[in-house]
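Everything below belongs to input_8.cif, which stores mmCIF, C-alpha atoms.
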data_model
loop_
_atom_site.group_PDB
_atom_site.id
_atom_site.type_symbol
_atom_site.label_atom_id
_atom_site.label_comp_id
_atom_site.auth_asym_id
_atom_site.auth_seq_id
_atom_site.Cartn_x
_atom_site.Cartn_y
_atom_site.Cartn_z
ATOM 1 C CA MET U 1 51.129 95.266 67.230
ATOM 2 C CA GLY U 2 53.319 92.384 68.165
ATOM 3 C CA ASP U 3 55.253 94.411 70.735
ATOM 4 C CA THR U 4 52.021 95.711 72.273
ATOM 5 C CA HIS U 5 50.643 92.175 72.555
ATOM 6 C CA LEU U 6 53.914 91.020 74.083
ATOM 7 C CA LEU U 7 53.835 93.802 76.686
ATOM 8 C CA ALA U 8 50.215 92.992 77.565
ATOM 9 C CA THR U 9 51.032 89.323 77.964
ATOM 10 C CA LYS U 10 54.055 90.156 80.131
ATOM 11 C CA SER U 11 51.942 92.442 82.273
ATOM 12 C CA GLU U 12 49.263 89.762 82.782
ATOM 13 C CA TYR U 13 51.982 87.282 83.662
ATOM 14 C CA GLN U 14 53.419 89.612 86.297
ATOM 15 C CA GLU U 15 49.947 90.264 87.755
ATOM 16 C CA ASN U 16 49.209 86.517 87.932
ATOM 17 C CA GLN U 17 52.588 85.894 89.495
ATOM 18 C CA GLN U 18 51.958 88.583 92.122
ATOM 19 C CA ARG U 19 48.546 87.111 92.894
ATOM 20 C CA CYS U 20 50.236 83.740 93.360
ATOM 21 C CA PHE U 21 52.778 85.288 95.734
ATOM 22 C CA ASP U 22 50.018 87.075 97.659
ATOM 23 C CA PHE U 23 47.965 83.855 97.907
ATOM 24 C CA ALA U 24 51.005 81.884 99.089
ATOM 25 C CA ALA U 25 51.774 84.517 101.719
ATOM 26 C CA GLU U 26 48.161 84.489 102.895
ATOM 27 C CA ARG U 27 48.170 80.699 103.151
ATOM 28 C CA GLU U 28 51.460 80.793 105.052
ATOM 29 C CA ASN U 29 50.071 83.296 107.553
ATOM 30 C CA SER U 30 46.927 81.170 107.956
ATOM 31 C CA VAL U 31 49.006 78.056 108.604
ATOM 32 C CA LYS U 32 51.172 79.889 111.130
ATOM 33 C CA SER U 33 48.082 81.173 112.900
ATOM 34 C CA LEU U 34 46.596 77.680 112.967
ATOM 35 C CA LEU U 35 49.825 76.187 114.291
ATOM 36 C CA THR U 36 49.999 78.859 116.983
ATOM 37 C CA SER U 37 46.425 78.146 118.107
ATOM 38 C CA LEU U 38 47.078 74.428 118.051
ATOM 39 C CA SER U 39 50.236 74.928 120.082
ATOM 40 C CA VAL U 40 48.340 76.949 122.682
ATOM 41 C CA ARG U 41 45.529 74.408 122.741
ATOM 42 C CA ASP U 42 47.938 71.472 122.940
ATOM 43 C CA SER U 43 49.740 73.237 125.755
ATOM 44 C CA GLY U 44 46.453 73.510 127.612
ATOM 45 C CA ASP U 45 45.661 69.867 126.860
ATOM 46 C CA MET U 46 49.096 68.801 128.071
ATOM 47 C CA LYS U 47 48.609 70.738 131.312
ATOM 48 C CA LYS U 48 45.176 69.169 131.751
ATOM 49 C CA GLN U 49 46.610 65.691 131.124
ATOM 50 C CA ALA U 50 49.460 66.364 133.555
ATOM 51 C CA ASP U 51 46.971 67.492 136.221
ATOM 52 C CA GLN U 52 44.875 64.365 135.644
ATOM 53 C CA GLN U 53 47.972 62.168 135.949
ATOM 54 C CA CYS U 54 48.921 63.904 139.188
ATOM 55 C CA ASP U 55 45.414 63.374 140.565
ATOM 56 C CA THR U 56 45.499 59.711 139.530
ATOM 57 C CA THR U 57 48.922 59.210 141.117
ATOM 58 C CA ARG U 58 47.781 60.955 144.290
ATOM 59 C CA ASN U 59 44.622 58.837 144.463
ATOM 60 C CA ASN U 60 46.621 55.661 143.870
ATOM 61 C CA MET U 61 49.031 56.592 146.647
ATOM 62 C CA ASP U 62 46.131 57.354 148.990
ATOM 63 C CA GLY U 63 44.559 54.024 148.021
ATOM 64 C CA LEU U 64 47.774 52.125 148.658
ATOM 65 C CA SER U 65 48.189 53.861 152.002
ATOM 66 C CA SER U 66 44.643 53.031 153.123
ATOM 67 C CA GLU U 67 44.965 49.424 151.906
ATOM 68 C CA LYS U 68 48.225 49.032 153.832
ATOM 69 C CA LEU U 69 46.558 50.390 156.958
ATOM 70 C CA LEU U 70 43.589 48.043 156.499
ATOM 71 C CA GLN U 71 45.914 45.081 156.008
ATOM 72 C CA GLU U 72 47.775 45.893 159.230
ATOM 73 C CA LYS U 73 44.511 46.174 161.191
ATOM 74 C CA LEU U 74 43.186 42.889 159.833
ATOM 75 C CA SER U 75 46.506 41.174 160.521
ATOM 76 C CA SER U 76 46.440 42.346 164.132
ATOM 77 C CA ASN U 77 42.860 41.112 164.520
ATOM 78 C CA TYR U 78 43.713 37.704 163.059
ATOM 79 C CA LYS U 79 46.614 37.438 165.499
ATOM 80 C CA ASP U 80 44.209 38.091 168.375
ATOM 81 C CA ILE U 81 41.779 35.475 167.019
ATOM 82 C CA LEU U 82 44.517 32.856 166.885
ATOM 83 C CA GLY U 83 45.352 33.612 170.505
ATOM 84 C CA GLU U 84 41.698 33.384 171.542
ATOM 85 C CA LEU U 85 41.465 29.978 169.867
ATOM 86 C CA GLY U 86 44.238 28.742 172.140
ATOM 87 C CA GLU U 87 46.960 28.823 169.501
ATOM 88 C CA ASP U 88 50.388 30.396 169.767
ATOM 89 C CA PRO U 89 50.610 33.084 167.040
ATOM 90 C CA THR U 90 54.382 33.265 167.485
ATOM 91 C CA ARG U 91 55.127 29.652 166.572
ATOM 92 C CA ALA U 92 56.820 29.039 163.241
ATOM 93 C CA GLY U 93 53.796 27.742 161.359
ATOM 94 C CA LEU U 94 51.573 30.651 162.403
ATOM 95 C CA LEU U 95 54.069 33.489 162.480
ATOM 96 C CA LYS U 96 52.992 34.941 159.141
ATOM 97 C CA THR U 97 49.462 33.523 159.113
ATOM 98 C CA PRO U 98 47.776 36.764 160.287
ATOM 99 C CA GLU U 99 49.407 38.706 157.438
ATOM 100 C CA ARG U 100 48.531 36.033 154.863
ATOM 101 C CA ALA U 101 44.947 35.812 156.116
ATOM 102 C CA ALA U 102 44.594 39.596 155.965
ATOM 103 C CA LYS U 103 45.820 39.695 152.362
ATOM 104 C CA ALA U 104 43.495 36.839 151.431
ATOM 105 C CA LEU U 105 40.446 38.500 152.999
ATOM 106 C CA MET U 106 41.248 41.758 151.213
ATOM 107 C CA PHE U 107 41.358 39.879 147.919
ATOM 108 C CA PHE U 108 38.110 38.043 148.684
ATOM 109 C CA THR U 109 36.419 41.416 149.313
ATOM 110 C CA LYS U 110 38.194 43.612 146.749
ATOM 111 C CA GLY U 111 34.857 44.324 145.077
ATOM 112 C CA TYR U 112 34.161 46.923 147.762
ATOM 113 C CA ARG U 113 37.050 48.970 146.386
ATOM 114 C CA GLU U 114 36.040 48.723 142.722
ATOM 115 C CA SER U 115 33.453 50.710 140.760
ATOM 116 C CA MET U 116 31.488 49.982 137.604
ATOM 117 C CA ASN U 117 33.037 52.969 135.822
ATOM 118 C CA ASP U 118 36.535 51.595 136.366
ATOM 119 C CA VAL U 119 35.501 48.094 135.368
ATOM 120 C CA LEU U 120 33.585 48.939 132.182
ATOM 121 C CA ASN U 121 36.349 51.321 131.064
ATOM 122 C CA ASP U 122 34.467 52.676 128.011
ATOM 123 C CA ALA U 123 33.902 49.159 126.641
ATOM 124 C CA ILE U 124 30.370 50.050 125.494
ATOM 125 C CA PHE U 125 29.912 50.119 121.745
ATOM 126 C CA ASP U 126 27.170 51.296 119.391
ATOM 127 C CA GLU U 127 26.152 48.261 117.373
ATOM 128 C CA ASP U 128 23.055 47.520 115.319
ATOM 129 C CA HIS U 129 22.575 44.081 116.837
ATOM 130 C CA ASP U 130 19.261 42.999 118.344
ATOM 131 C CA GLU U 131 19.755 39.254 118.832
ATOM 132 C CA MET U 132 20.483 37.586 122.149
ATOM 133 C CA VAL U 133 24.014 37.695 123.559
ATOM 134 C CA ILE U 134 24.949 35.023 126.110
ATOM 135 C CA VAL U 135 28.086 34.324 128.116
ATOM 136 C CA LYS U 136 27.604 31.197 130.187
ATOM 137 C CA ASP U 137 29.488 29.197 132.814
ATOM 138 C CA ILE U 138 31.447 32.164 134.197
ATOM 139 C CA GLU U 139 33.294 30.836 137.242
ATOM 140 C CA MET U 140 32.363 32.640 140.440
ATOM 141 C CA PHE U 141 33.760 32.642 143.981
ATOM 142 C CA SER U 142 32.189 34.627 146.798
ATOM 143 C CA MET U 143 31.856 34.781 150.583
ATOM 144 C CA CYS U 144 28.621 34.051 152.413
ATOM 145 C CA GLU U 145 27.853 37.061 154.595
ATOM 146 C CA HIS U 146 26.178 34.905 157.253
ATOM 147 C CA HIS U 147 29.145 32.684 158.113
ATOM 148 C CA MET U 148 31.994 34.224 156.067
ATOM 149 C CA VAL U 149 32.748 30.935 154.337
ATOM 150 C CA PRO U 150 32.939 30.557 150.555
ATOM 151 C CA PHE U 151 30.277 29.704 148.055
ATOM 152 C CA MET U 152 31.256 29.006 144.475
ATOM 153 C CA GLY U 153 29.693 28.106 141.176
ATOM 154 C CA LYS U 154 28.920 29.357 137.690
ATOM 155 C CA VAL U 155 27.091 32.379 136.332
ATOM 156 C CA SER U 156 25.303 32.587 132.983
ATOM 157 C CA ILE U 157 24.324 35.996 131.613
ATOM 158 C CA GLY U 158 22.192 36.850 128.609
ATOM 159 C CA TYR U 159 20.870 40.125 127.276
ATOM 160 C CA LEU U 160 18.990 41.469 124.284
ATOM 161 C CA PRO U 161 20.901 44.528 122.975
ATOM 162 C CA ASN U 162 19.182 47.786 122.192
ATOM 163 C CA LYS U 163 21.664 49.352 119.725
ATOM 164 C CA ARG U 164 24.510 49.043 122.253
ATOM 165 C CA VAL U 165 26.697 46.108 123.284
ATOM 166 C CA LEU U 166 29.172 45.539 126.077
ATOM 167 C CA GLY U 167 32.630 44.019 125.634
ATOM 168 C CA LEU U 168 32.254 40.316 126.418
ATOM 169 C CA SER U 169 35.006 40.207 129.035
ATOM 170 C CA LYS U 170 33.215 42.971 130.938
ATOM 171 C CA LEU U 171 30.367 40.601 131.749
ATOM 172 C CA ALA U 172 32.837 38.447 133.653
ATOM 173 C CA ARG U 173 34.272 41.575 135.266
ATOM 174 C CA ILE U 174 30.828 42.599 136.521
ATOM 175 C CA VAL U 175 30.477 39.157 138.103
ATOM 176 C CA GLU U 176 33.899 39.565 139.721
ATOM 177 C CA VAL U 177 33.127 42.963 141.234
ATOM 178 C CA PHE U 178 29.924 41.884 142.964
ATOM 179 C CA SER U 179 31.043 38.371 143.914
ATOM 180 C CA ARG U 180 34.174 39.713 145.651
ATOM 181 C CA ARG U 181 32.081 41.017 148.527
ATOM 182 C CA LEU U 182 30.215 39.507 151.436
ATOM 183 C CA GLN U 183 27.116 38.222 149.672
ATOM 184 C CA VAL U 184 23.989 36.163 149.544
ATOM 185 C CA GLN U 185 23.410 34.454 146.209
ATOM 186 C CA GLU U 186 19.973 35.975 145.702
ATOM 187 C CA ARG U 187 21.288 39.542 145.951
ATOM 188 C CA LEU U 188 24.372 38.777 143.860
ATOM 189 C CA THR U 189 22.161 37.518 141.013
ATOM 190 C CA LYS U 190 20.091 40.693 140.974
ATOM 191 C CA GLN U 191 23.069 43.043 141.299
ATOM 192 C CA ILE U 192 24.668 41.574 138.184
ATOM 193 C CA ALA U 193 21.441 41.945 136.199
ATOM 194 C CA VAL U 194 20.842 45.523 137.345
ATOM 195 C CA ALA U 195 24.451 46.571 136.643
ATOM 196 C CA LEU U 196 24.218 45.259 133.071
ATOM 197 C CA THR U 197 20.867 46.993 132.585
ATOM 198 C CA GLU U 198 22.265 50.322 133.784
ATOM 199 C CA ALA U 199 25.341 49.952 131.577
ATOM 200 C CA VAL U 200 23.744 49.384 128.158
ATOM 201 C CA GLN U 201 19.957 49.735 128.660
ATOM 202 C CA PRO U 202 19.152 46.481 126.828
ATOM 203 C CA ALA U 203 15.673 45.270 125.971
ATOM 204 C CA GLY U 204 16.084 42.564 128.593
ATOM 205 C CA VAL U 205 18.550 40.732 130.846
ATOM 206 C CA GLY U 206 18.677 37.232 132.289
ATOM 207 C CA VAL U 207 21.110 35.991 134.956
ATOM 208 C CA VAL U 208 21.272 32.472 136.405
ATOM 209 C CA ILE U 209 23.677 31.342 139.134
ATOM 210 C CA GLU U 210 24.235 27.771 140.284
ATOM 211 C CA ALA U 211 26.478 27.471 143.342
ATOM 212 C CA THR U 212 27.653 25.236 146.159
ATOM 213 C CA HIS U 213 27.680 26.820 149.619
ATOM 214 C CA MET U 214 30.339 25.761 152.096
ATOM 215 C CA CYS U 215 28.037 26.813 154.941
ATOM 216 C CA MET U 216 25.886 23.818 153.927
ATOM 217 C CA VAL U 217 28.856 21.518 153.230
ATOM 218 C CA MET U 218 31.402 22.184 155.980
ATOM 219 C CA ARG U 219 28.910 22.846 158.790
ATOM 220 C CA GLY U 220 25.206 22.740 159.553
ATOM 221 C CA VAL U 221 23.380 20.111 157.512
ATOM 222 C CA GLN U 222 26.645 19.060 155.751
ATOM 223 C CA LYS U 223 25.042 18.141 152.426
ATOM 224 C CA ILE U 224 27.977 17.985 150.048
ATOM 225 C CA ASN U 225 25.986 17.472 146.835
ATOM 226 C CA SER U 226 23.450 20.254 147.297
ATOM 227 C CA LYS U 227 23.372 23.162 144.844
ATOM 228 C CA THR U 228 21.487 26.432 144.939
ATOM 229 C CA VAL U 229 20.069 27.960 141.748
ATOM 230 C CA THR U 230 18.896 31.569 141.557
ATOM 231 C CA SER U 231 17.723 33.677 138.629
ATOM 232 C CA THR U 232 16.851 37.255 137.810
ATOM 233 C CA MET U 233 14.906 38.178 134.678
ATOM 234 C CA LEU U 234 14.411 41.790 133.611
ATOM 235 C CA GLY U 235 12.630 43.379 130.648
ATOM 236 C CA VAL U 236 11.553 41.015 127.858
ATOM 237 C CA PHE U 237 13.240 38.099 129.652
ATOM 238 C CA ARG U 238 10.619 38.512 132.360
ATOM 239 C CA GLU U 239 7.688 39.598 130.186
ATOM 240 C CA ASP U 240 8.052 37.243 127.200
ATOM 241 C CA PRO U 241 7.954 33.480 127.980
ATOM 242 C CA LYS U 242 9.490 32.604 124.578
ATOM 243 C CA THR U 243 12.514 34.867 125.133
ATOM 244 C CA ARG U 244 12.985 33.496 128.625
ATOM 245 C CA GLU U 245 12.729 29.894 127.420
ATOM 246 C CA GLU U 246 15.226 30.535 124.614
ATOM 247 C CA PHE U 247 17.722 31.891 127.143
ATOM 248 C CA LEU U 248 17.223 29.040 129.606
ATOM 249 C CA SER U 249 17.532 26.408 126.869
ATOM 250 C CA LEU U 250 20.764 27.924 125.532
ATOM 251 C CA ILE U 251 22.506 27.939 128.923
ATOM 252 C CA ARG U 252 21.640 24.343 129.790
#
So, in terms of structure tokens, how does the structure I just supplied come out?
Amino acid sequence: MGDTHLLATKSEYQENQQRCFDFAAERENSVKSLLTSLSVRDSGDMKKQADQQCDTTRNNMDGLSSEKLLQEKLSSNYKDILGELGEDPTRAGLLKTPERAAKALMFFTKGYRESMNDVLNDAIFDEDHDEMVIVKDIEMFSMCEHHMVPFMGKVSIGYLPNKRVLGLSKLARIVEVFSRRLQVQERLTKQIAVALTEAVQPAGVGVVIEATHMCMVMRGVQKINSKTVTSTMLGVFREDPKTREEFLSLIR
């Protein structure tokens, strides 16, 4: 009886051990299969990433080439302008002025070569926040499209989120993109408001710009203390007087 029980126990032990071995082998094969699939997938991902990097590098090189060509054209034009003004472009003080002026104008208008997708850079976040967000007194420099002289001032932006918020620095970046173009203040104000609306679909947006225009200071009426104020209100900022008043009172 005891020997029979011992043999039965030994047999059960061997069967359990074999099942353990079989299970371990099955798991090992599953892991190997998974690793193989991951390796193939990663290889495809790596190729895709490499192709994207090549495209980015190629686009950057094309961009640098076109910017260099633009700079050379602008520099040549500035040299001609200096000559037409009666100056000598070859004298020491003006020798590199056309190149410097070309670089400066390209910087003043770099917004033409920037897009909202590049600027926002996935800085849009899901957030259960429905109270007003304001960034005020953002410094702004732009070029009047009528006389190509600067106007400068401050921008205040407010919006009422609708489950999504934008990284705070991106508000300033939106201002930078549109202000670094030939502009009129009225259009600049609306472009900022519309860009923010398209980015996060808020319940409302308010934008106020206060600026001094060199075309009114350096020439024309020459009123050095004059300031121009423009505003754009969208959504509840336009429809609800209380929301609009809250925004305007907070940016004062």
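One distance worth recording is that between atom CA of U:Asp137 and atom CA of U:Val229, which is 13.0 Å.
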Worksheet entry | Proximity to U:Gly158 - best of U:Ser226, U:Asn117, U:Gln183, U:Thr197, only C-alpha atoms | U:Thr197
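If all atoms listed in the file are the atoms counted, then among U:Leu74, U:Ile157, U:Leu171, U:Leu182 the closest residue to U:Phe247 is U:Ile157.
Across U:Ile209, U:Met140, U:Ile81, U:Leu234, the tightest approach to U:Val175 is made by U:Met140 when counting only C-alpha atoms.
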Worksheet item: Counting all atoms listed in the file, what is within 7 Å of U:Val208, bar same-chain residues fewer than 3 positions away, as a PyMOL selection string?
Response: chain U and resi 155-157+189+230-232
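Evaluated on this file, the PyMOL selection byres ((chain U and resi 128) around 6) matches Glu127, His129 and Lys163 of chain U.
For the choices U:Thr243, U:Thr228, U:Ser66, U:Gln71, the atom-to-atom distance to U:Cys215 is smallest for U:Thr228 when using all atoms listed in the file.
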Item to complete: I would like the residues chosen by the PyMOL selection byres ((chain U and resi 92-100) around 10) on the shown file; could you give them as a VMD selection string?
Response: chain U and resid 71 to 82 87 to 91 101 to 106
Worksheet item: Rounded to one decimal in Å, what is the spacing between atom CA of U:Leu188 and atom CA of U:Met152?
Response: 12.0 Å
Practice prompt. Considering all atoms listed in the file, return as a PyMOL selection string whatever protein or nucleic-acid residues lie within 10 Å of U:Lys170, sequence-local ones (same chain, fewer than 5 positions apart) excluded.
Written response: chain U and resi 116+119-121+123-124+175-176+196
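For the choices U:Val205, U:Ser179, U:Leu69, U:Glu245, the atom-to-atom distance to U:Leu160 is smallest for U:Val205 when using only C-alpha atoms.
Of the listed residues (U:Glu210, U:Glu198, U:Asp122, U:Glu145), U:Glu145 comes nearest to U:Val184; the distances count all atoms listed in the file.
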Item to complete: Write out as a ChimeraX atom specification each polymer residue whose atoms come within 10 Å of U:Ser115, counting only C-alpha atoms; drop sequence neighbours fewer than 3 positions from it.
Response: /U:111-112,118-120,174,177-178
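Across the model, the gap from atom CA of U:Ala211 to atom CA of U:Ile224 is 11.7 Å.
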Axis-aligned box over every listed atom of stretch 102-115 of chain U, padded by 6 Å per side: centre and edges in Å to one decimal, as JSON?
{"center_x": 39.6, "center_y": 43.8, "center_z": 148.4, "size_x": 24.4, "size_y": 25.9, "size_z": 27.2}
